[in-house]
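Down below is the structure, laid out as structure tokens.
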Amino acid sequence: MEHDIIFEPLSFRNLVVKNRIFRSNISGRFDNYDGSGTYARINWEEKFARGGVGAILSSFVPVSIHGRIMPNYATIHSDDRVPFWRELGRRIHEYDCKFILQLSHSGHQQDIGGVENLFRMPLSSTNRTESLNGFLGRSMSREEIRQTVHDFVQGARRAREAGLDGIELHGANGYLITQFLSSAVNDRQDEYGGPVENRARFVLEIVREIRRVVGSDFHLQVKMNGIDLGNKVFPWEPQGNTIEDSIKIARLLEQAGVDALHISAGNSFPHPFNPPGTFPMDWAAKTYDIMVTSGIYVFQRYLLLRYRPLRPIFAFFWSRNPSPIIEGINVEAAHEIKRHVAIPVLCTGGFQTASFIRRILAEGFCDAVSIARSLVANNDLVHMFRAGKNLPDKPCTYCNKCLVNAIKNPLGCYEVSRFDGDYERMIGEVMSVFAPSPFSSSQQPS
Amino acid sequence: MHEDLTPVEKAGRRNTRRDISLTLFALYVIGLYFVRRYNPDYPVIYTDINEHFKYGSIGSESANGIPYEIWRVLPEMFPEKLPGPGGYASLGFVYEPDHETPIGLARRKVYIDRLGMNCAICHTGTVRTSPSAPRQIVLGMPANTFDLQAYFRFLADCASDGRFTVDNVLRQIQTHRHLDPLDRLIYRIAIYETREILLQRKQLVSFMDTRPDWGPGRVDTFDPYKTIQFNFPMANDHSVGTTDLPSIWNQTPRIGMHLHWDGNNDLLAERDKSAALGAGVTPPTIDLASIQRIENWLLDTLQPPPYPYPIDRNLAAKGAVLFRHYCAQCHAFGGERVGQVTDIDEIGTDRHRLDSYTYEFAANMNLLYAGYPWRFTHFRKTNGYANMPLDGVWLRAPYLHNGSVPTLRDLLEPQENRPKVFYRGYDVYDPVRVGFLSDVASEGRRHYFKYDTAQTGNGNGGHRYGTQLSDGEKNAIVEYLKTL
């Protein structure tokens, strides 16, 4: 294929990416407990760079320990983390792959706070308890907002110092920035709550302050929801932001100097529509217990998963409005936003089929796609596309077993059918992220 | 930042406390609902003392009451077991307009509505001036029309009938009111238990079937006691203790008198509680406050109504002189022998009632309410009958302790001139002989009780006082008695 749009470079204002496939944000608990990075994470990210993606959007990288989602995720909350990220970037760059670090803050959506946060109330835009897991949170004061903006800015500064190619503000999927943006969550009465312009104030302050401190010549994109879908699980919960709200937010971000937008969905994580697919209750029953002390509803939810007769209750809420599509679930929303902004728009959501990706790129629905699970299943998916494959021989089944294992076990593909039913082989593949091991000198990363 | 509990744990504890509080509150509300719906002890309260006397509970429903819904359907299911048409009214119950239950049956919720007897069942009667005249209901008067034994027999006969099944009774109840599943379950149990209790009671008093029937206005107070309260073996006890129901007016001047026909107790309170036992209360379920309310009213207020017909005042004045001479010593308030027991040999009236009350029985009576401050202590065996004041005597016919003499005028005749057979239960008054008309066998489809003085315990002899006087003198005394 001579003019494959998938392999056309994508030029942002401050960055050029060699193709249109971005590894979307995904990670396991690969690092040290305190958030200092390890070779495992480098190994993890290298898998995808080697696999041919144009850029890697890092996993959730907390800008403060208070804003982590769980321990063993590399942070960027202090200067001593810069060398790790520099090394990671260096290794990724060896594959002509870009690395964009996702600056993140959990807000109240903190799956496992860790001992550092054990006695701290998570921060949020609201005092209300999150509905899915019963995560507690406290409405941030102006001083805490100011401090958190500062944390994001310092994270951006460190990312640039580490020689990374850009940053992404995680404003989707229910984390802190979403908690401000979403009308379903944000119940503030001050200038950070109310109309969409006020709800966007927090992220806009972060953007402007990053631009002021880090400069306008550093790639800065924002991941945001096309639609919040806040009532997909519990019908009594508010719906949250509509596409109209998101268009307004997108335009405000564009005006504030953001270089690109990355469109996802769902004002919580996980969400029936993100990542789209089935919910593996058998596996969740084996892993969700690790969160029992994290939220006031977790134990009740866990019982629904743990005991089979109760699972229909969980399934009723989780699957009562299943998405008719998985691959390209956010394309329409991304397209709507793209129609209203001039900056590139990335879209995530179940992409795995080359022809489909080509078509949505060619028809201008978005400028690039980001992929997580399909790349976890087939790290060399991009090479397959280049070789002319439309769909991998053993594609991702969207079973979401990777998702529910991520909180407890090393991330990888846990769909044993993709390994011909060979559990050992599957685990071997999952554990490959730890190879080479740190003290096997011949295998040390150079 | 070092604290014992994490925010999630604190919230968990708050939620636990909240959940416990909500649960307790919910249980409280549910409990209140069920207590209101199935209150274990909730009598119908009447503020008016007259209503309380007629329909208020004295505590007989818990142990010996019958569920109202069951009671209501029995005459529909077993009309042939009643002496005539009209349901319970055919037994001589006194009904007031707009009342579903007769006077003398009280309603109390003991989980479900139950009916039990109260004081008024034996102490409320009726009188008519003519067959077409309206019935006047007189509180405190002997229940002259009501056949208590027939009522008991009707209930027992119903319970004995093969058609008295849980399903049949439940079906009949549901023709009157909707029962939800919980109610149905409860009534299933109630129907079964009611049948068992009625059958047990029937067996306990079966010995009564060998004695002459009581008839309306009469009761054998103590013989059923012997089995129901004390499980006495009755094989060798052939006593007949049937007596007339007494009036209960003017209790204050009766304080200290020897009460009951044989004067076996001189405490009003024991007499009343003993009567309550007869109506069905038990030591744990007796409603003392209710009974006290009635006692206070009886002491302070309740008087017999005045004689409604013209009285020949001159004749009565003559009679008053004769009464003072011949009768007052025993029968006028303040008389030196009033309230005292006259030896059976002197009084000479039928001695069966006296003999039915034995030393052994008195001793056992004094065990009743054991463990309570009001345990009986004053019951005794006497050897005669007590001399009663004659207030409202015009309404207390028939006369003598066993109701064996229909009118006052008959009572002043020697035994051989007193009616040997007459009818009881008719409430039309006879102002000539002063008593109820006693020669009426039936009215419409209602048949009255034929009283035969030849039957055991029904003897009309004795009390020969005044029988030797002239007719004029006797008439004068009777005229005077109308004024009492």
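Order determines the names: the first chain of the structure tokens is A, the second B, and so forth; residues in each chain are numbered 1 upward, and ligands are numbered 1 upward as they are shown.
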
Using only C-alpha atoms, find each residue of chain A with at least one atom at most 12 Å away from an atom of chain B; report its shortest atom-to-atom pair and that distance in Å (one decimal), sort the rows by chain and rising residue number, and return the result as JSON lines.
```
{"residue": "A:His108", "atom": "CA", "partner": "B:Val8", "partner_atom": "CA", "distance": 11.7}
{"residue": "A:Gln110", "atom": "CA", "partner": "B:Val8", "partner_atom": "CA", "distance": 11.7}
{"residue": "A:Ile112", "atom": "CA", "partner": "B:Val8", "partner_atom": "CA", "distance": 11.6}
{"residue": "A:Gly113", "atom": "CA", "partner": "B:Thr6", "partner_atom": "CA", "distance": 10.8}
{"residue": "A:Gly114", "atom": "CA", "partner": "B:Thr6", "partner_atom": "CA", "distance": 11.4}
{"residue": "A:Val115", "atom": "CA", "partner": "B:Thr6", "partner_atom": "CA", "distance": 10.2}
{"residue": "A:Glu116", "atom": "CA", "partner": "B:Met1", "partner_atom": "CA", "distance": 10.0}
{"residue": "A:Asn117", "atom": "CA", "partner": "B:Thr6", "partner_atom": "CA", "distance": 9.0}
{"residue": "A:Leu118", "atom": "CA", "partner": "B:Thr6", "partner_atom": "CA", "distance": 5.8}
{"residue": "A:Phe119", "atom": "CA", "partner": "B:Thr6", "partner_atom": "CA", "distance": 4.7}
{"residue": "A:Arg120", "atom": "CA", "partner": "B:Pro7", "partner_atom": "CA", "distance": 7.0}
{"residue": "A:Met121", "atom": "CA", "partner": "B:Pro7", "partner_atom": "CA", "distance": 6.1}
{"residue": "A:Pro122", "atom": "CA", "partner": "B:Pro7", "partner_atom": "CA", "distance": 9.1}
{"residue": "A:Thr129", "atom": "CA", "partner": "B:Ala11", "partner_atom": "CA", "distance": 10.2}
{"residue": "A:Asn133", "atom": "CA", "partner": "B:Val8", "partner_atom": "CA", "distance": 11.2}
{"residue": "A:Gly134", "atom": "CA", "partner": "B:Val8", "partner_atom": "CA", "distance": 8.9}
{"residue": "A:Phe135", "atom": "CA", "partner": "B:Val8", "partner_atom": "CA", "distance": 7.9}
{"residue": "A:Leu136", "atom": "CA", "partner": "B:Val8", "partner_atom": "CA", "distance": 6.9}
{"residue": "A:Gly137", "atom": "CA", "partner": "B:Pro7", "partner_atom": "CA", "distance": 9.2}
{"residue": "A:Arg138", "atom": "CA", "partner": "B:Pro7", "partner_atom": "CA", "distance": 10.6}
{"residue": "A:Met291", "atom": "CA", "partner": "B:Val8", "partner_atom": "CA", "distance": 11.2}
{"residue": "A:Val292", "atom": "CA", "partner": "B:Val8", "partner_atom": "CA", "distance": 9.9}
{"residue": "A:Thr293", "atom": "CA", "partner": "B:Val8", "partner_atom": "CA", "distance": 6.8}
{"residue": "A:Ser294", "atom": "CA", "partner": "B:Val8", "partner_atom": "CA", "distance": 6.5}
{"residue": "A:Gly295", "atom": "CA", "partner": "B:Val8", "partner_atom": "CA", "distance": 6.1}
{"residue": "A:Ile296", "atom": "CA", "partner": "B:Val8", "partner_atom": "CA", "distance": 6.0}
{"residue": "A:Tyr297", "atom": "CA", "partner": "B:Gly12", "partner_atom": "CA", "distance": 9.1}
{"residue": "A:Val298", "atom": "CA", "partner": "B:Val8", "partner_atom": "CA", "distance": 10.5}
{"residue": "A:Phe299", "atom": "CA", "partner": "B:Gly12", "partner_atom": "CA", "distance": 10.6}
{"residue": "A:Gln300", "atom": "CA", "partner": "B:Gly12", "partner_atom": "CA", "distance": 11.8}
```

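Atom pair CA of Met208 (chain B) / CA of Asp220 (chain B) has a distance of 9.0 Å (rounded to one decimal).
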
Would you pick out the contacts of Arg351 (chain B) at 12 Å or less, using only C-alpha atoms, so that residues sharing its chain but fewer than 2 positions from it are not included, and give the list as JSON, numbers by chain? {"B": [239, 240, 241, 242, 243, 261, 262, 343, 344, 345, 346, 347, 348, 349, 353, 354, 355, 356, 357, 382, 383, 384, 385, 400, 401, 402, 456, 457, 458, 459, 460, 461, 462, 463]}

Non-local contacts of region 234-238 of chain B (9 Å; only C-alpha atoms; under 4 positions in same chain excluded) as a ChimeraX atom specification: /B:207,210-211,226-227,356

Store the residues of this selection in a file with C-alpha atoms, as a CSV table (one decimal), in the first residue's frame.
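The result, stored in part-v9.csv:
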```csv
chain,number,residue,atom,x,y,z
B,207,PHE,CA,-71.1,-33.0,84.0
B,210,THR,CA,-76.7,-34.3,84.0
B,211,ARG,CA,-78.3,-31.4,85.9
B,226,LYS,CA,-64.8,-26.8,90.3
B,227,THR,CA,-63.5,-28.3,87.1
B,356,SER,CA,-73.0,-27.2,96.3
```
